[in-house]
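Read through the structure below, which is laid out as structure tokens, and then see the notes.
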Amino acid sequence: MVSEEEIRARLERAGQSHLLRFWAELEPAGRASLLTDLALLDPDELREHCQRAAKACAQVEGPVEGLDSRMKPVQPEFLGSVRKSDPQTLKRWEEEGFHQIAQNKVAVLLLAGGQGTRLGVTYPKGMYRVGLPSGKTLYELQAERIRRVEQLAGQRHNTSCTVPWYIMTSEFTLKPTVEFFKENNFFQLDPANVVMFEQRMLPAVNFNGQAILERKDKVAMAPDGNGGLYRALVDNGILGDMERRGVQYVHVYCVDNILVKMADPVFIGFCVLKGADCGAKGYDVIRPMLYEDDFTVGTENSVLCEISPLVSYFGEGLEGYLKDEDIHSPFLLDEKKAKLLEKA
């Protein structure tokens, strides 16, 4: 174990000496626990992390530059649309996608580090039952789609194929997720092809750039967000696992995306034939959504929109971004028209 003197020196170097302010009040067990937490924190990374957090929270004087001035339209040759493309083009994309899947070159990667607090539950979001008559959870729905796309690709190419399922969890969701999959026999998937790994945890920081304590003997930690995926892929040996399996294309999505098409062959084929390093799905707005303040549960307000698997929570993140005018923007490979009339 790293000594108290060494930890104090590290914290002073990071500008976070306050984390030991309750040291005199702690019992030996509490001191040992706190030292263990602090020993895992690199002082230089901790200092940089806290400085970035403070800078992000600082008020900016004057007008804030909008995104519009920094965004450029995607070149037309890199755009595709399910609705607007002819059947032959769609068939070509789909055939290419199934071809890649049949060769075991496609995997799916699930971002599942968050708990279902916004859904009113304390367990991981993927375990949430979304209210279907079948009572199926998000995890079960997604597992079924993986099995189905494997089946379709295998039938088309007279082979047996696998779409590995990589699931990025967090300290909070790994154990219950593993237990849930075991209890449900991995939803008839081969456990060897369901690879779970943890994203990194970072110290929680206040508005002044100071790391905070969860208890007097424990540093408050939180998952490092979806952006932590890239480091987690390296730290957990996931890139090496993908290389060993021969995976070349990875479909990444979020756990609360109930409409996701797992390893969508049309989208995979589109990206492969375009020679894309990465691709993104989008949706078109059929009718602008009401302002968030005007969309109230219990009213007759309705929303009519076109949905693609990019949409996660139907009501999350859309109200605040859409205004009361038509929006004409090209999106990569939007989905077939799916009208949804939602009345609260």
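To be explicit about the labels: the chains of the structure tokens are called A, B, and onward in the order shown, and within each one the residues are counted from 1, while ligands get numbers from 1 in the order they are shown.
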Each residue of region 168-275 of chain A lying at most 12 Å from region 123-136 of chain A should get a row with its shortest atom-to-atom pair and the distance in Å to one decimal, counting only C-alpha atoms; could you produce that, ordered by chain and increasing number, as a tab-separated table?
residue	atom	partner	partner_atom	distance
A:Met168	CA	A:Gly126	CA	11.7
A:Thr169	CA	A:Pro124	CA	9.1
A:Ser170	CA	A:Pro124	CA	9.8
A:Glu171	CA	A:Pro124	CA	11.1
A:Phe172	CA	A:Pro124	CA	8.1
A:Thr173	CA	A:Pro124	CA	5.7
A:Leu174	CA	A:Pro124	CA	8.8
A:Lys175	CA	A:Pro124	CA	9.9
A:Pro176	CA	A:Pro124	CA	7.4
A:Thr177	CA	A:Pro124	CA	7.0
A:Val178	CA	A:Pro124	CA	10.8
A:Glu179	CA	A:Met127	CA	10.8
A:Phe180	CA	A:Met127	CA	7.6
A:Phe181	CA	A:Met127	CA	9.5
A:Glu183	CA	A:Met127	CA	11.7
A:Asn184	CA	A:Met127	CA	11.0
A:Phe187	CA	A:Lys136	CA	11.0
A:Cys254	CA	A:Gly126	CA	9.7
A:Val255	CA	A:Gly126	CA	5.9
A:Asp256	CA	A:Lys125	CA	6.7
A:Asn257	CA	A:Gly126	CA	9.7
A:Ile258	CA	A:Val130	CA	8.7
A:Leu259	CA	A:Val130	CA	11.8
Using only N, CA, C and O atoms, please write the residues we just selected to a file, as an mmCIF file, in the first residue's frame.
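Contents of part-v6.cif, as written:
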data_model
loop_
_atom_site.group_PDB
_atom_site.id
_atom_site.type_symbol
_atom_site.label_atom_id
_atom_site.label_comp_id
_atom_site.auth_asym_id
_atom_site.auth_seq_id
_atom_site.Cartn_x
_atom_site.Cartn_y
_atom_site.Cartn_z
ATOM 1 N N MET A 168 -20.091 -2.234 -22.996
ATOM 2 C CA MET A 168 -19.318 -1.407 -22.081
ATOM 3 C C MET A 168 -20.184 -1.022 -20.891
ATOM 4 O O MET A 168 -21.171 -0.315 -21.026
ATOM 5 N N THR A 169 -19.799 -1.489 -19.732
ATOM 6 C CA THR A 169 -20.518 -1.203 -18.502
ATOM 7 C C THR A 169 -19.688 -0.238 -17.658
ATOM 8 O O THR A 169 -18.674 0.289 -18.102
ATOM 9 N N SER A 170 -20.125 -0.036 -16.442
ATOM 10 C CA SER A 170 -19.380 0.794 -15.498
ATOM 11 C C SER A 170 -19.262 0.049 -14.176
ATOM 12 O O SER A 170 -19.780 -1.065 -14.020
ATOM 13 N N GLU A 171 -18.607 0.650 -13.230
ATOM 14 C CA GLU A 171 -18.492 0.059 -11.892
ATOM 15 C C GLU A 171 -19.860 -0.231 -11.298
ATOM 16 O O GLU A 171 -20.055 -1.191 -10.562
ATOM 17 N N PHE A 172 -20.849 0.615 -11.668
ATOM 18 C CA PHE A 172 -22.185 0.477 -11.103
ATOM 19 C C PHE A 172 -23.016 -0.591 -11.808
ATOM 20 O O PHE A 172 -23.937 -1.147 -11.219
ATOM 21 N N THR A 173 -22.731 -0.864 -13.075
ATOM 22 C CA THR A 173 -23.623 -1.727 -13.860
ATOM 23 C C THR A 173 -23.029 -3.085 -14.235
ATOM 24 O O THR A 173 -23.764 -3.958 -14.685
ATOM 25 N N LEU A 174 -21.721 -3.277 -14.061
ATOM 26 C CA LEU A 174 -21.105 -4.527 -14.523
ATOM 27 C C LEU A 174 -21.676 -5.743 -13.801
ATOM 28 O O LEU A 174 -22.166 -6.686 -14.438
ATOM 29 N N LYS A 175 -21.627 -5.751 -12.478
ATOM 30 C CA LYS A 175 -22.056 -6.931 -11.729
ATOM 31 C C LYS A 175 -23.526 -7.276 -11.974
ATOM 32 O O LYS A 175 -23.834 -8.442 -12.311
ATOM 33 N N PRO A 176 -24.466 -6.329 -11.845
ATOM 34 C CA PRO A 176 -25.868 -6.700 -12.099
ATOM 35 C C PRO A 176 -26.118 -7.098 -13.549
ATOM 36 O O PRO A 176 -26.978 -7.944 -13.818
ATOM 37 N N THR A 177 -25.361 -6.530 -14.491
ATOM 38 C CA THR A 177 -25.541 -6.906 -15.889
ATOM 39 C C THR A 177 -25.077 -8.339 -16.124
ATOM 40 O O THR A 177 -25.767 -9.132 -16.786
ATOM 41 N N VAL A 178 -23.906 -8.691 -15.587
ATOM 42 C CA VAL A 178 -23.401 -10.061 -15.714
ATOM 43 C C VAL A 178 -24.388 -11.045 -15.101
ATOM 44 O O VAL A 178 -24.726 -12.082 -15.699
ATOM 45 N N GLU A 179 -24.875 -10.738 -13.911
ATOM 46 C CA GLU A 179 -25.821 -11.630 -13.232
ATOM 47 C C GLU A 179 -27.114 -11.765 -14.027
ATOM 48 O O GLU A 179 -27.683 -12.866 -14.127
ATOM 49 N N PHE A 180 -27.587 -10.660 -14.602
ATOM 50 C CA PHE A 180 -28.834 -10.678 -15.370
ATOM 51 C C PHE A 180 -28.689 -11.563 -16.607
ATOM 52 O O PHE A 180 -29.595 -12.335 -16.946
ATOM 53 N N PHE A 181 -27.563 -11.454 -17.292
ATOM 54 C CA PHE A 181 -27.342 -12.288 -18.473
ATOM 55 C C PHE A 181 -27.252 -13.757 -18.092
ATOM 56 O O PHE A 181 -27.789 -14.627 -18.800
ATOM 57 N N GLU A 183 -28.635 -15.219 -15.493
ATOM 58 C CA GLU A 183 -29.964 -15.666 -15.091
ATOM 59 C C GLU A 183 -30.849 -15.963 -16.298
ATOM 60 O O GLU A 183 -31.737 -16.811 -16.233
ATOM 61 N N ASN A 184 -30.595 -15.270 -17.395
ATOM 62 C CA ASN A 184 -31.407 -15.433 -18.600
ATOM 63 C C ASN A 184 -30.687 -16.236 -19.684
ATOM 64 O O ASN A 184 -31.057 -16.171 -20.870
ATOM 65 N N PHE A 187 -29.684 -15.042 -23.123
ATOM 66 C CA PHE A 187 -30.712 -14.872 -24.160
ATOM 67 C C PHE A 187 -30.399 -15.718 -25.390
ATOM 68 O O PHE A 187 -30.571 -15.282 -26.534
ATOM 69 N N CYS A 254 -26.414 3.093 -28.084
ATOM 70 C CA CYS A 254 -26.678 3.276 -26.662
ATOM 71 C C CYS A 254 -27.774 2.323 -26.184
ATOM 72 O O CYS A 254 -28.681 1.972 -26.945
ATOM 73 N N VAL A 255 -27.708 1.954 -24.927
ATOM 74 C CA VAL A 255 -28.571 0.912 -24.400
ATOM 75 C C VAL A 255 -30.050 1.283 -24.465
ATOM 76 O O VAL A 255 -30.912 0.402 -24.635
ATOM 77 N N ASP A 256 -30.391 2.558 -24.344
ATOM 78 C CA ASP A 256 -31.798 2.947 -24.313
ATOM 79 C C ASP A 256 -32.371 3.174 -25.702
ATOM 80 O O ASP A 256 -33.456 3.720 -25.858
ATOM 81 N N ASN A 257 -31.672 2.739 -26.735
ATOM 82 C CA ASN A 257 -32.139 2.891 -28.107
ATOM 83 C C ASN A 257 -33.024 1.700 -28.462
ATOM 84 O O ASN A 257 -32.566 0.707 -29.019
ATOM 85 N N ILE A 258 -34.291 1.823 -28.167
ATOM 86 C CA ILE A 258 -35.200 0.689 -28.330
ATOM 87 C C ILE A 258 -35.435 0.338 -29.796
ATOM 88 O O ILE A 258 -35.799 -0.781 -30.140
ATOM 89 N N LEU A 259 -35.209 1.286 -30.703
ATOM 90 C CA LEU A 259 -35.478 1.053 -32.120
ATOM 91 C C LEU A 259 -34.249 0.609 -32.904
ATOM 92 O O LEU A 259 -34.315 0.464 -34.115
#
Helix (DSSP H, G or I) positions in region 39-266 of chain A, given as a PyMOL selection string: chain A and resi 39+43-57+68-70+76-78+87-102+117-119+125-127+138-157+174-183+185-188+191-193+226-235+238-245+265-266
With C-alpha atoms kept, could you save the residues just selected as a short mmCIF file (atom, residue, chain, number, x, y, z; two decimals), in the first residue's frame?
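Ended up saving to again28.cif:
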data_model
loop_
_atom_site.label_atom_id
_atom_site.label_comp_id
_atom_site.auth_asym_id
_atom_site.auth_seq_id
_atom_site.Cartn_x
_atom_site.Cartn_y
_atom_site.Cartn_z
CA ALA A 39 -3.48 5.49 -4.80
CA PRO A 43 -1.61 13.15 -9.80
CA ASP A 44 -0.97 14.71 -13.21
CA GLU A 45 -4.15 13.28 -14.71
CA LEU A 46 -6.11 14.32 -11.63
CA ARG A 47 -4.84 17.89 -11.85
CA GLU A 48 -5.65 18.10 -15.57
CA HIS A 49 -9.08 16.55 -15.07
CA CYS A 50 -10.02 19.03 -12.32
CA GLN A 51 -8.68 22.01 -14.27
CA ARG A 52 -10.72 21.03 -17.33
CA ALA A 53 -13.84 20.66 -15.21
CA ALA A 54 -13.35 24.09 -13.65
CA LYS A 55 -12.78 25.68 -17.03
CA ALA A 56 -15.91 24.06 -18.44
CA CYS A 57 -17.97 25.38 -15.53
CA ASP A 68 -23.61 26.85 -36.97
CA SER A 69 -20.52 28.87 -37.82
CA ARG A 70 -18.31 25.83 -37.30
CA PRO A 76 -23.70 14.79 -51.17
CA GLU A 77 -21.71 11.79 -52.37
CA PHE A 78 -21.38 10.61 -48.77
CA PRO A 87 -34.79 -0.50 -54.58
CA GLN A 88 -31.71 -1.61 -56.51
CA THR A 89 -29.43 0.63 -54.46
CA LEU A 90 -30.95 -0.52 -51.20
CA LYS A 91 -30.57 -4.14 -52.26
CA ARG A 92 -26.91 -3.58 -53.12
CA TRP A 93 -26.24 -2.01 -49.71
CA GLU A 94 -28.07 -4.81 -47.93
CA GLU A 95 -26.28 -7.55 -49.84
CA GLU A 96 -22.91 -6.02 -49.02
CA GLY A 97 -23.87 -5.75 -45.37
CA PHE A 98 -24.98 -9.37 -45.13
CA HIS A 99 -21.81 -10.41 -46.97
CA GLN A 100 -19.66 -8.75 -44.31
CA ILE A 101 -21.76 -10.20 -41.48
CA ALA A 102 -21.52 -13.70 -42.97
CA THR A 117 -32.42 6.62 -12.62
CA ARG A 118 -34.28 8.72 -15.20
CA LEU A 119 -36.57 5.76 -15.77
CA LYS A 125 -31.15 0.54 -18.12
CA GLY A 126 -30.85 -2.60 -20.21
CA MET A 127 -32.79 -4.55 -17.59
CA LEU A 138 -34.13 -3.84 -23.64
CA TYR A 139 -31.35 -6.44 -23.35
CA GLU A 140 -33.65 -9.22 -24.51
CA LEU A 141 -34.91 -7.24 -27.50
CA GLN A 142 -31.37 -6.46 -28.58
CA ALA A 143 -30.20 -10.06 -28.14
CA GLU A 144 -33.07 -11.26 -30.32
CA ARG A 145 -32.04 -8.85 -33.07
CA ILE A 146 -28.47 -10.12 -32.96
CA ARG A 147 -29.66 -13.72 -33.30
CA ARG A 148 -31.94 -12.75 -36.17
CA VAL A 149 -29.31 -10.90 -38.19
CA GLU A 150 -26.92 -13.83 -37.70
CA GLN A 151 -29.64 -16.16 -38.96
CA LEU A 152 -30.45 -14.05 -42.01
CA ALA A 153 -26.81 -13.64 -43.01
CA GLY A 154 -26.18 -17.35 -42.54
CA GLN A 155 -29.17 -18.32 -44.66
CA ARG A 156 -28.16 -16.00 -47.49
CA HIS A 157 -24.60 -17.27 -47.62
CA LEU A 174 -21.10 -4.53 -14.52
CA LYS A 175 -22.06 -6.93 -11.73
CA PRO A 176 -25.87 -6.70 -12.10
CA THR A 177 -25.54 -6.91 -15.89
CA VAL A 178 -23.40 -10.06 -15.71
CA GLU A 179 -25.82 -11.63 -13.23
CA PHE A 180 -28.83 -10.68 -15.37
CA PHE A 181 -27.34 -12.29 -18.47
CA LYS A 182 -26.47 -15.45 -16.57
CA GLU A 183 -29.96 -15.67 -15.09
CA ASN A 185 -28.95 -17.89 -20.18
CA PHE A 186 -27.45 -15.03 -22.20
CA PHE A 187 -30.71 -14.87 -24.16
CA GLN A 188 -29.63 -17.94 -26.18
CA PRO A 191 -21.52 -16.46 -23.71
CA ALA A 192 -18.12 -16.47 -25.43
CA ASN A 193 -19.51 -13.94 -27.89
CA ASN A 226 -19.48 7.60 -23.75
CA GLY A 227 -16.30 9.40 -24.72
CA GLY A 228 -14.45 7.05 -22.40
CA LEU A 229 -15.13 4.23 -24.86
CA TYR A 230 -11.87 4.63 -26.73
CA ARG A 231 -9.64 4.36 -23.71
CA ALA A 232 -11.71 1.48 -22.34
CA LEU A 233 -11.27 -0.44 -25.60
CA VAL A 234 -7.51 -0.28 -25.14
CA ASP A 235 -7.35 -0.73 -21.36
CA ILE A 238 -11.12 -5.22 -26.53
CA LEU A 239 -9.30 -4.05 -29.67
CA GLY A 240 -7.10 -7.12 -29.43
CA ASP A 241 -10.17 -9.34 -29.08
CA MET A 242 -11.73 -7.77 -32.15
CA GLU A 243 -8.56 -8.28 -34.13
CA ARG A 244 -8.37 -11.91 -33.05
CA ARG A 245 -11.94 -12.47 -34.23
CA PRO A 265 -26.96 -4.75 -42.99
CA VAL A 266 -28.21 -1.84 -45.11
#
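For the choices A:Asp42, A:Phe207, A:Gln103, A:Val219, the atom-to-atom distance to Arg13 (chain A) is smallest for A:Asp42 when using only C-alpha atoms.
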Option closest in space to Lys105 (chain A), from A:Ala222, A:Cys161, A:Val121, A:Ala32 [counting only C-alpha atoms]: A:Cys161
Contacts of Met1 (chain A) within 12 Å, only C-alpha atoms, excl. fewer than 5 positions in-chain, as a list in words: Glu6, Ile7, Arg31, Ala32, Ser33, Leu34, Leu35, Thr36, Asp37, Leu38, Ala39 and Leu40 of chain A
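Note that CA of Ala112 (chain A) and CA of Ile167 (chain A) are 6.5 Å apart.
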Test item, strand (DSSP E or B) assignment across region 103-150 of chain A, answer as a compact mmCIF listing (two decimals) with N, CA, C and O atoms, in the first residue's frame:
# COMPACT_ATOMS: atom_id res chain seq x y z
N VAL A 106 -18.35 -8.23 -38.65
CA VAL A 106 -19.17 -7.18 -38.05
C VAL A 106 -19.45 -7.51 -36.58
O VAL A 106 -19.78 -8.66 -36.24
N ALA A 107 -19.32 -6.52 -35.73
CA ALA A 107 -19.65 -6.65 -34.31
C ALA A 107 -20.56 -5.49 -33.92
O ALA A 107 -20.65 -4.48 -34.63
N VAL A 108 -21.22 -5.64 -32.79
CA VAL A 108 -22.00 -4.53 -32.23
C VAL A 108 -21.41 -4.19 -30.87
O VAL A 108 -20.94 -5.06 -30.15
N LEU A 109 -21.44 -2.91 -30.54
CA LEU A 109 -20.87 -2.43 -29.28
C LEU A 109 -21.89 -1.57 -28.57
O LEU A 109 -22.34 -0.55 -29.10
N LEU A 110 -22.27 -2.01 -27.40
CA LEU A 110 -23.31 -1.36 -26.61
C LEU A 110 -22.72 -0.49 -25.52
O LEU A 110 -21.87 -0.94 -24.75
N LEU A 111 -23.17 0.75 -25.45
CA LEU A 111 -22.77 1.66 -24.38
C LEU A 111 -23.81 1.54 -23.27
O LEU A 111 -24.93 2.04 -23.39
N GLN A 115 -27.09 3.91 -15.15
CA GLN A 115 -28.20 3.29 -14.44
C GLN A 115 -29.51 3.92 -14.88
O GLN A 115 -29.53 4.98 -15.52
N PRO A 124 -29.47 -1.27 -13.96
CA PRO A 124 -29.04 -0.84 -15.30
C PRO A 124 -30.19 -0.71 -16.28
O PRO A 124 -31.16 -1.47 -16.24
N ARG A 129 -37.95 -3.11 -18.31
CA ARG A 129 -39.07 -3.61 -19.12
C ARG A 129 -39.82 -2.39 -19.64
O ARG A 129 -40.31 -1.58 -18.86
N THR A 137 -37.25 -7.10 -21.84
CA THR A 137 -36.38 -5.99 -21.47
C THR A 137 -35.62 -5.51 -22.70
O THR A 137 -35.61 -6.16 -23.76
